[in-house]
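Student: Next up, input02.pdb (PDB, C-alpha atoms).
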```pdb
ATOM      1  CA  THR A 247       0.000   0.000   0.000
ATOM      2  CA  ILE A 248       1.015   3.637  -0.266
ATOM      3  CA  ASN A 249       1.645   3.860   3.483
ATOM      4  CA  ASN A 250       4.376   1.219   3.229
ATOM      5  CA  ARG A 251       6.398   3.222   0.735
ATOM      6  CA  PRO A 252       9.513   4.870   2.201
ATOM      7  CA  HIS A 253       8.706   8.317   0.698
ATOM      8  CA  GLY A 254       4.945   8.273   1.163
ATOM      9  CA  ASN A 255       4.842  10.841   3.971
ATOM     10  CA  PRO A 256       1.742  13.036   3.341
ATOM     11  CA  THR A 257       3.320  15.959   5.204
ATOM     12  CA  ALA A 258       6.341  15.898   2.930
ATOM     13  CA  MET A 259       4.056  15.879  -0.105
ATOM     14  CA  LYS A 260       2.143  18.887   1.224
ATOM     15  CA  ARG A 261       5.331  20.822   1.865
ATOM     16  CA  SER A 262       6.509  20.118  -1.659
ATOM     17  CA  ALA A 263       3.292  21.548  -3.084
ATOM     18  CA  GLU A 264       3.682  24.708  -1.027
ATOM     19  CA  GLN A 265       7.220  25.098  -2.264
ATOM     20  CA  ALA A 266       6.070  24.642  -5.862
ATOM     21  CA  PHE A 267       3.308  27.261  -5.674
ATOM     22  CA  GLY A 268       4.860  29.649  -3.146
ATOM     23  CA  ASP A 269       3.718  30.698   0.293
ATOM     24  CA  GLN A 270       1.911  33.920  -0.610
ATOM     25  CA  GLY A 271      -1.755  34.329   0.192
ATOM     26  CA  ALA A 272      -4.631  34.930  -2.159
ATOM     27  CA  GLY A 273      -4.432  38.698  -1.941
ATOM     28  CA  ALA A 274      -0.674  39.055  -2.285
ATOM     29  CA  ALA A 275       0.681  41.070  -5.169
ATOM     30  CA  PRO A 276       3.576  39.831  -7.354
ATOM     31  CA  SER A 277       6.845  40.041  -5.457
ATOM     32  CA  ALA A 278       8.933  41.479  -8.288
ATOM     33  CA  PRO A 279       7.639  44.317 -10.490
ATOM     34  CA  THR A 280       8.103  43.359 -14.111
ATOM     35  CA  GLY A 281       5.848  45.764 -16.032
ATOM     36  CA  PHE A 282       3.082  43.164 -16.520
ATOM     37  CA  PHE A 283       0.964  41.045 -14.188
ATOM     38  CA  GLN A 284       2.385  37.690 -13.068
ATOM     39  CA  PRO A 285       0.185  35.536 -10.793
ATOM     40  CA  ASN A 286       1.756  33.437  -8.086
ATOM     41  CA  GLY A 287       0.885  31.339  -5.028
ATOM     42  CA  ALA A 288      -2.763  30.435  -4.691
ATOM     43  CA  ALA A 289      -3.657  32.605  -7.686
ATOM     44  CA  MET A 290      -2.271  29.935  -9.997
ATOM     45  CA  LEU A 291      -5.107  27.601  -8.968
ATOM     46  CA  ASP A 292      -7.888  29.818  -7.593
ATOM     47  CA  PRO A 293      -9.681  32.270  -9.964
ATOM     48  CA  LYS A 294     -10.743  34.479  -7.041
ATOM     49  CA  ALA A 295      -7.182  34.711  -5.789
ATOM     50  CA  TYR A 296      -6.015  35.448  -9.344
ATOM     51  CA  PHE A 297      -8.449  38.371  -9.593
ATOM     52  CA  ALA A 298      -7.415  39.695  -6.174
ATOM     53  CA  GLN A 299      -3.747  39.684  -7.160
ATOM     54  CA  TRP A 300      -4.488  41.305 -10.516
ATOM     55  CA  GLN A 301      -6.513  44.048  -8.823
ATOM     56  CA  ALA A 302      -3.748  44.710  -6.291
ATOM     57  CA  SER A 303      -1.185  44.888  -9.099
ATOM     58  CA  ALA A 304      -3.288  47.318 -11.146
ATOM     59  CA  GLN A 305      -3.725  49.653  -8.156
ATOM     60  CA  ALA A 306       0.017  49.807  -7.389
ATOM     61  CA  PRO A 307       1.589  52.478  -9.688
ATOM     62  CA  THR A 308       5.123  51.617  -8.635
ATOM     63  CA  SER A 309       4.763  48.065  -9.897
ATOM     64  CA  SER A 310       4.653  49.000 -13.582
ATOM     65  CA  ALA A 311       7.682  49.575 -15.745
ATOM     66  CA  SER A 312       6.158  52.691 -17.263
ATOM     67  CA  ALA A 313       5.904  54.380 -13.876
ATOM     68  CA  ALA A 314       9.602  53.893 -13.252
ATOM     69  CA  ALA A 315      10.694  54.896 -16.760
ATOM     70  CA  PRO A 316      12.001  58.434 -17.296
ATOM     71  CA  PRO A 317      10.046  60.750 -19.589
ATOM     72  CA  PRO A 318      11.074  60.743 -23.243
ATOM     73  CA  LEU A 319      12.667  64.163 -23.026
ATOM     74  CA  SER A 320      15.395  62.950 -20.690
ATOM     75  CA  ALA A 321      17.131  61.435 -23.734
ATOM     76  CA  GLY A 322      19.767  63.740 -25.089
ATOM     77  CA  GLY A 323      19.650  66.209 -22.212
ATOM     78  CA  SER A 324      19.644  66.373 -18.429
ATOM     79  CA  THR A 325      16.459  67.099 -16.483
ATOM     80  CA  SER A 326      16.051  67.878 -12.792
ATOM     81  CA  SER A 327      13.331  66.296 -10.684
ATOM     82  CA  GLY A 328      11.322  69.534 -10.886
ATOM     83  CA  SER A 329      11.622  69.592 -14.666
ATOM     84  CA  VAL A 330      10.469  65.980 -14.882
ATOM     85  CA  GLU A 331       7.309  66.845 -12.945
ATOM     86  CA  ILE A 332       6.528  69.803 -15.220
ATOM     87  CA  ILE A 333       7.198  67.686 -18.335
ATOM     88  CA  GLN A 334       4.758  65.044 -17.117
ATOM     89  CA  GLN A 335       2.201  67.764 -16.419
ATOM     90  CA  LEU A 336       2.634  69.279 -19.884
ATOM     91  CA  GLN A 337       2.142  65.910 -21.572
ATOM     92  CA  LYS A 338      -1.337  65.656 -20.041
ATOM     93  CA  LEU A 339      -2.544  69.142 -21.010
ATOM     94  CA  SER A 340      -4.468  70.277 -24.059
ATOM     95  CA  ALA A 341      -2.814  72.750 -26.417
ATOM     96  CA  VAL A 342      -4.859  75.650 -25.038
ATOM     97  CA  ARG A 343      -4.127  74.824 -21.399
ATOM     98  CA  CYS A 344      -0.468  74.305 -22.253
ATOM     99  CA  ALA A 345      -0.337  77.815 -23.729
ATOM    100  CA  ALA A 346      -1.839  79.154 -20.495
ATOM    101  CA  LEU A 347       0.855  77.380 -18.477
ATOM    102  CA  VAL A 348       3.536  78.835 -20.761
ATOM    103  CA  LYS A 349       2.140  82.294 -20.028
ATOM    104  CA  GLU A 350       2.223  81.638 -16.298
ATOM    105  CA  LYS A 351       5.562  79.823 -15.909
ATOM    106  CA  GLY A 352       7.308  79.861 -19.280
ATOM    107  CA  ASN A 353      10.072  82.231 -18.183
ATOM    108  CA  ASN A 354      11.282  79.598 -15.712
ATOM    109  CA  PHE A 355      11.255  76.659 -18.161
ATOM    110  CA  THR A 356      14.467  74.800 -18.874
ATOM    111  CA  ASN A 357      15.244  74.103 -22.536
ATOM    112  CA  ALA A 358      13.895  70.555 -22.248
ATOM    113  CA  VAL A 359      10.643  71.781 -20.668
ATOM    114  CA  ALA A 360      10.280  74.525 -23.287
ATOM    115  CA  ILE A 361      10.609  71.951 -26.092
ATOM    116  CA  GLU A 362       8.016  69.715 -24.441
ATOM    117  CA  ALA A 363       5.600  72.638 -24.105
ATOM    118  CA  LEU A 364       5.929  73.407 -27.805
ATOM    119  CA  HIS A 365       5.537  69.704 -28.592
ATOM    120  CA  THR A 366       2.249  69.533 -26.692
ATOM    121  CA  MET A 367       0.886  72.483 -28.660
ATOM    122  CA  ALA A 368       2.219  71.159 -31.978
ATOM    123  CA  LEU A 369       0.794  67.677 -31.423
ATOM    124  CA  LYS A 370      -2.583  68.411 -29.852
ATOM    125  CA  SER A 371      -3.884  71.080 -32.194
ATOM    126  CA  SER A 372      -5.065  71.714 -35.717
ATOM    127  CA  TYR A 373      -3.114  74.047 -37.975
ATOM    128  CA  LYS A 374      -5.850  76.645 -37.534
ATOM    129  CA  LEU A 375      -5.497  76.493 -33.757
ATOM    130  CA  ARG A 376      -1.711  76.813 -34.035
ATOM    131  CA  GLU A 377      -2.211  79.944 -36.110
ATOM    132  CA  GLU A 378      -4.283  81.371 -33.264
ATOM    133  CA  LEU A 379      -1.929  80.207 -30.514
ATOM    134  CA  VAL A 380       1.124  81.799 -32.102
ATOM    135  CA  LYS A 381      -0.623  85.167 -32.021
ATOM    136  CA  GLN A 382      -0.267  85.072 -28.241
ATOM    137  CA  PRO A 383       2.979  86.888 -27.280
ATOM    138  CA  HIS A 384       4.138  84.212 -24.826
ATOM    139  CA  VAL A 385       3.687  81.434 -27.403
ATOM    140  CA  ARG A 386       5.554  83.430 -30.047
ATOM    141  CA  ARG A 387       8.375  84.030 -27.551
ATOM    142  CA  LEU A 388       8.507  80.298 -26.913
ATOM    143  CA  CYS A 389       8.810  79.649 -30.658
ATOM    144  CA  GLN A 390      11.616  82.188 -30.913
ATOM    145  CA  ARG A 391      13.420  80.504 -28.035
ATOM    146  CA  ILE A 392      13.183  77.080 -29.691
ATOM    147  CA  LEU A 393      14.320  78.616 -32.983
ATOM    148  CA  GLU A 394      17.481  79.933 -31.303
ATOM    149  CA  ILE A 395      18.117  76.507 -29.750
ATOM    150  CA  LEU A 396      17.932  74.921 -33.202
ATOM    151  CA  LYS A 397      20.222  77.495 -34.789
ATOM    152  CA  ARG A 398      22.803  77.363 -31.987
ATOM    153  CA  PRO A 399      22.296  74.115 -30.072
ATOM    154  CA  PRO A 400      23.611  74.201 -26.471
ATOM    155  CA  PRO A 401      25.974  71.328 -25.509
ATOM    156  CA  THR A 402      23.333  69.959 -23.116
ATOM    157  CA  ILE A 403      20.782  69.423 -25.905
ATOM    158  CA  GLY A 404      21.250  66.146 -27.742
ATOM    159  CA  LEU A 405      20.043  65.200 -31.204
ATOM    160  CA  PRO A 406      16.806  63.509 -30.015
ATOM    161  CA  LEU A 407      15.675  66.800 -28.470
ATOM    162  CA  LEU A 408      16.839  68.804 -31.480
ATOM    163  CA  SER A 409      14.866  66.595 -33.857
ATOM    164  CA  LYS A 410      11.802  66.928 -31.628
ATOM    165  CA  ALA A 411      12.175  70.708 -31.574
ATOM    166  CA  ALA A 412      12.583  70.773 -35.370
ATOM    167  CA  TRP A 413       9.441  68.669 -35.807
ATOM    168  CA  CYS A 414       7.468  71.049 -33.586
ATOM    169  CA  MET A 415       8.638  74.188 -35.353
ATOM    170  CA  SER A 416       7.843  72.664 -38.749
ATOM    171  CA  ARG A 417       4.187  72.321 -37.740
ATOM    172  CA  PHE A 418       3.797  75.991 -36.873
ATOM    173  CA  PRO A 419       3.190  78.798 -39.390
ATOM    174  CA  ASP A 420       6.095  79.803 -41.647
ATOM    175  CA  ASP A 421       6.556  83.276 -40.173
ATOM    176  CA  VAL A 422       7.842  81.923 -36.825
ATOM    177  CA  ARG A 423      10.642  79.940 -38.509
ATOM    178  CA  GLY A 424      12.239  82.356 -40.930
ATOM    179  CA  ASP A 425      14.866  80.532 -43.023
ATOM    180  CA  SER A 426      14.002  76.844 -42.515
ATOM    181  CA  ALA A 427      17.242  75.607 -44.084
ATOM    182  CA  GLN A 428      19.233  77.662 -41.598
ATOM    183  CA  MET A 429      17.069  76.437 -38.734
ATOM    184  CA  LEU A 430      17.583  72.760 -39.601
ATOM    185  CA  ALA A 431      21.236  72.877 -40.691
ATOM    186  CA  PRO A 432      22.891  72.221 -37.275
ATOM    187  CA  ALA A 433      20.699  69.200 -36.498
ATOM    188  CA  ALA A 434      21.201  67.841 -40.013
ATOM    189  CA  LYS A 435      24.966  68.159 -39.628
ATOM    190  CA  HIS A 436      24.881  66.230 -36.336
ATOM    191  CA  LEU A 437      22.849  63.441 -37.942
ATOM    192  CA  GLU A 438      25.008  63.249 -41.057
ATOM    193  CA  HIS A 439      28.232  62.779 -39.100
ATOM    194  CA  GLY A 440      26.920  60.944 -36.038
ATOM    195  CA  PRO A 441      25.403  57.539 -35.249
ATOM    196  CA  PHE A 442      22.156  56.725 -37.013
ATOM    197  CA  ASP A 443      18.886  56.846 -35.069
ATOM    198  CA  SER A 444      15.715  55.928 -36.987
ATOM    199  CA  GLU A 445      13.312  58.094 -34.990
ATOM    200  CA  VAL A 446      15.603  61.132 -35.082
ATOM    201  CA  ALA A 447      16.331  60.687 -38.798
ATOM    202  CA  VAL A 448      12.673  60.437 -39.812
ATOM    203  CA  LYS A 449      11.681  63.449 -37.702
ATOM    204  CA  LEU A 450      14.383  65.556 -39.337
ATOM    205  CA  LEU A 451      13.625  64.253 -42.820
ATOM    206  CA  TRP A 452       9.926  65.036 -42.370
ATOM    207  CA  SER A 453      10.771  68.512 -41.049
ATOM    208  CA  MET A 454      12.959  69.191 -44.093
ATOM    209  CA  ALA A 455      10.269  68.005 -46.483
ATOM    210  CA  ARG A 456       7.554  69.917 -44.637
ATOM    211  CA  THR A 457       9.478  73.194 -44.838
ATOM    212  CA  ASP A 458      10.990  72.695 -48.338
ATOM    213  CA  ALA A 459      14.516  72.516 -46.932
ATOM    214  CA  VAL A 460      15.561  69.143 -48.377
ATOM    215  CA  LEU A 461      17.646  70.375 -51.312
ATOM    216  CA  PRO A 462      20.822  71.292 -49.359
ATOM    217  CA  HIS A 463      20.869  67.850 -47.717
ATOM    218  CA  LYS A 464      20.817  65.359 -50.602
ATOM    219  CA  HIS A 465      23.579  63.212 -49.092
ATOM    220  CA  LEU A 466      21.730  63.033 -45.779
ATOM    221  CA  VAL A 467      18.494  62.027 -47.497
ATOM    222  CA  SER A 468      20.340  59.251 -49.335
ATOM    223  CA  ARG A 469      21.816  58.010 -46.069
ATOM    224  CA  VAL A 470      18.472  57.996 -44.271
ATOM    225  CA  VAL A 471      16.698  56.180 -47.095
ATOM    226  CA  GLY A 472      19.547  53.652 -47.380
ATOM    227  CA  GLU A 473      19.526  52.930 -43.647
ATOM    228  CA  MET A 474      15.739  52.573 -43.493
ATOM    229  CA  VAL A 475      15.399  50.132 -46.400
ATOM    230  CA  LYS A 476      18.408  47.908 -45.783
ATOM    231  CA  GLU A 477      17.936  44.439 -44.280
ATOM    232  CA  LYS A 478      14.352  44.372 -45.547
ATOM    233  CA  GLY A 479      13.392  47.546 -43.704
ATOM    234  CA  LYS A 480      13.783  46.203 -40.181
ATOM    235  CA  ARG A 481      14.415  49.737 -38.868
ATOM    236  CA  PHE A 482      10.797  50.688 -39.524
ATOM    237  CA  ALA A 483       9.907  48.755 -36.373
ATOM    238  CA  GLU A 484      11.942  51.303 -34.381
ATOM    239  CA  LEU A 485       9.663  54.199 -35.350
ATOM    240  CA  SER A 486       6.967  55.693 -33.179
ATOM    241  CA  MET A 487       3.445  55.717 -34.560
ATOM    242  CA  GLN A 488       3.673  59.453 -35.266
ATOM    243  CA  SER A 489       6.924  59.119 -37.228
ATOM    244  CA  ALA A 490       5.528  56.213 -39.237
ATOM    245  CA  VAL A 491       2.486  58.320 -40.147
ATOM    246  CA  ASP A 492       4.697  61.298 -41.040
ATOM    247  CA  LEU A 493       6.844  59.136 -43.287
ATOM    248  CA  LEU A 494       3.770  57.757 -45.040
ATOM    249  CA  PHE A 495       2.315  61.251 -45.436
ATOM    250  CA  ARG A 496       5.408  62.594 -47.140
ATOM    251  CA  ARG A 497       5.541  59.482 -49.332
ATOM    252  CA  LEU A 498       1.952  59.967 -50.528
ATOM    253  CA  SER A 499       2.209  63.708 -50.971
TER     254      SER A 499
END
```
Please rewrite the model in this file as structure tokens.
Tutor:
Amino acid sequence: TINNRPHGNPTAMKRSAEQAFGDQGAGAAPSAPTGFFQPNGAAMLDPKAYFAQWQASAQAPTSSASAAAPPPLSAGGSTSSGSVEIIQQLQKLSAVRCAALVKEKGNNFTNAVAIEALHTMALKSSYKLREELVKQPHVRRLCQRILEILKRPPPTIGLPLLSKAAWCMSRFPDDVRGDSAQMLAPAAKHLEHGPFDSEVAVKLLWSMARTDAVLPHKHLVSRVVGEMVKEKGKRFAELSMQSAVDLLFRRLS
């Protein structure tokens, strides 16, 4: 019988099961944050425990990878903790409310925050609304500030931020940019002689096409196209949705 077997101790079998499924209770959240929900313990067998763990995981903001990730603007430039908070606030605002915040606090913005403010207005508005926004003195001053950054990039501003700034300025009316070729020349030079980045390259290429400033940069255009199509176009997977749409738009137009 089973009781006569040397390893048939029921207690030992129970302890092995506990070790296999873990010792956490039904309501325990995953022990290691991974960016997605991972059930453990009793939740692997009990649907109610599974739901309880999932609910606890969803309500814990620090358990997701996105909560711990730095904002996109930290790439290519340094941001203080205060700047990070303002950047996150700007990303949630509408274009109109962003313009109001620029009026209130724009004089204290760092370069990275100023670029993000312009990006919010450029992204979350129609062209007609941008025409109205740029009539506001504080918005026009912001555009002039970003224009100067593009013409004479500070050492603390990397190419990802420059390409973002160029994209934003290219969406605003022509009169805030002046000579588009002059505005885009420093960023284009950095891209032509530096490491290739798909997102940066497409943003700059779109900005050049949008502002009719492609002609002086034929060699750069050839490089970007060559990099994007080689190896069966695997770099297209590196693009954001917005850049993919921009690339398609310029292709069709």
Student: I need the residue nearest Pro399 (chain A) from this list: A:Met429, A:Leu379, A:Val330, A:Leu347. Use all atoms listed in the file for the distance.
Tutor: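 Nearest candidate to Pro399 (chain A) out of A:Met429, A:Leu379, A:Val330, A:Leu347: A:Met429.
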Student: Considering all atoms listed in the file, can you say which of A:His365, A:His384, A:Arg417, A:Arg469 comes closest to Lys351 (chain A)?
Tutor: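 When distances to Lys351 (chain A) are compared using all atoms listed in the file, the smallest one comes from A:His384.
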Student: Quick one: which residues end up in the PyMOL selection byres ((chain A and resi 418) around 12) for this structure, as a short mmCIF file (atom, residue, chain, number, x, y, z; two decimals) with C-alpha atoms, keeping the file's coordinate frame?
Tutor:
```cif
data_model
loop_
_atom_site.label_atom_id
_atom_site.label_comp_id
_atom_site.auth_asym_id
_atom_site.auth_seq_id
_atom_site.Cartn_x
_atom_site.Cartn_y
_atom_site.Cartn_z
CA LEU A 364 5.93 73.41 -27.80
CA HIS A 365 5.54 69.70 -28.59
CA MET A 367 0.89 72.48 -28.66
CA ALA A 368 2.22 71.16 -31.98
CA LEU A 369 0.79 67.68 -31.42
CA SER A 371 -3.88 71.08 -32.19
CA SER A 372 -5.07 71.71 -35.72
CA TYR A 373 -3.11 74.05 -37.98
CA LYS A 374 -5.85 76.64 -37.53
CA LEU A 375 -5.50 76.49 -33.76
CA ARG A 376 -1.71 76.81 -34.03
CA GLU A 377 -2.21 79.94 -36.11
CA GLU A 378 -4.28 81.37 -33.26
CA LEU A 379 -1.93 80.21 -30.51
CA VAL A 380 1.12 81.80 -32.10
CA LYS A 381 -0.62 85.17 -32.02
CA VAL A 385 3.69 81.43 -27.40
CA ARG A 386 5.55 83.43 -30.05
CA LEU A 388 8.51 80.30 -26.91
CA CYS A 389 8.81 79.65 -30.66
CA GLN A 390 11.62 82.19 -30.91
CA ILE A 392 13.18 77.08 -29.69
CA LEU A 393 14.32 78.62 -32.98
CA ALA A 411 12.18 70.71 -31.57
CA ALA A 412 12.58 70.77 -35.37
CA TRP A 413 9.44 68.67 -35.81
CA CYS A 414 7.47 71.05 -33.59
CA MET A 415 8.64 74.19 -35.35
CA SER A 416 7.84 72.66 -38.75
CA ARG A 417 4.19 72.32 -37.74
CA PRO A 419 3.19 78.80 -39.39
CA ASP A 420 6.10 79.80 -41.65
CA ASP A 421 6.56 83.28 -40.17
CA VAL A 422 7.84 81.92 -36.83
CA ARG A 423 10.64 79.94 -38.51
CA GLY A 424 12.24 82.36 -40.93
CA SER A 426 14.00 76.84 -42.52
CA SER A 453 10.77 68.51 -41.05
CA ARG A 456 7.55 69.92 -44.64
CA THR A 457 9.48 73.19 -44.84
#
```
Student: Rank nothing, just name the residue among A:Ala427, A:Leu493, A:Ala483, A:Val446 nearest to Asp458 (chain A), using only C-alpha atoms.
Tutor: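 Of A:Ala427, A:Leu493, A:Ala483, A:Val446, the one nearest Asp458 (chain A), counting only C-alpha atoms, is A:Ala427.
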Student: For a test of reading the model, state the distance in Å between CA of Ala345 (chain A) and CA of Pro383 (chain A), rounded to one decimal.
Tutor: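 Distance between the two atoms: 10.3 Å.
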Student: Go ahead and compute the interatomic distance for CA of Arg387 (chain A) and CA of Lys349 (chain A), in Å to one decimal.
Tutor: 9.9 Å
Student: Report, in Å with one decimal, the straight-line distance from CA of Asn357 (chain A) to CA of Ala490 (chain A).
Tutor: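 Interatomic distance here is 26.3 Å.
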Student: Tell me which of A:Pro401, A:Glu473, A:Ser340, A:Glu331 sits closest to Asp443 (chain A), counting only C-alpha atoms.
Tutor: A:Glu473
Student: Dump as a Markdown table the rows for residues of region 349-421 of chain A within 8 Å of region 332-338 of chain A: closest atom pair and distance in Å with one decimal, only C-alpha atoms counted, ordered by chain and rising residue number.
Tutor:
```
| residue | atom | partner | partner_atom | distance |
| --- | --- | --- | --- | --- |
| A:Val359 | CA | A:Ile333 | CA | 5.8 |
| A:Glu362 | CA | A:Ile333 | CA | 6.5 |
| A:Ala363 | CA | A:Leu336 | CA | 6.2 |
| A:Thr366 | CA | A:Gln337 | CA | 6.3 |
```
Student: Point out the residue among A:Lys410, A:His436, A:Arg343, A:Lys370 with the least atom-to-atom distance to Val448 (chain A), counting all atoms listed in the file.
Tutor: A:Lys410
Student: Calculated over all atoms listed in the file, which of the candidates A:Ala455, A:Leu461, A:Glu445, A:Pro432 has the smallest distance to Glu484 (chain A)?
Tutor: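 With all atoms listed in the file as the atom set, the closest residue is A:Glu445.
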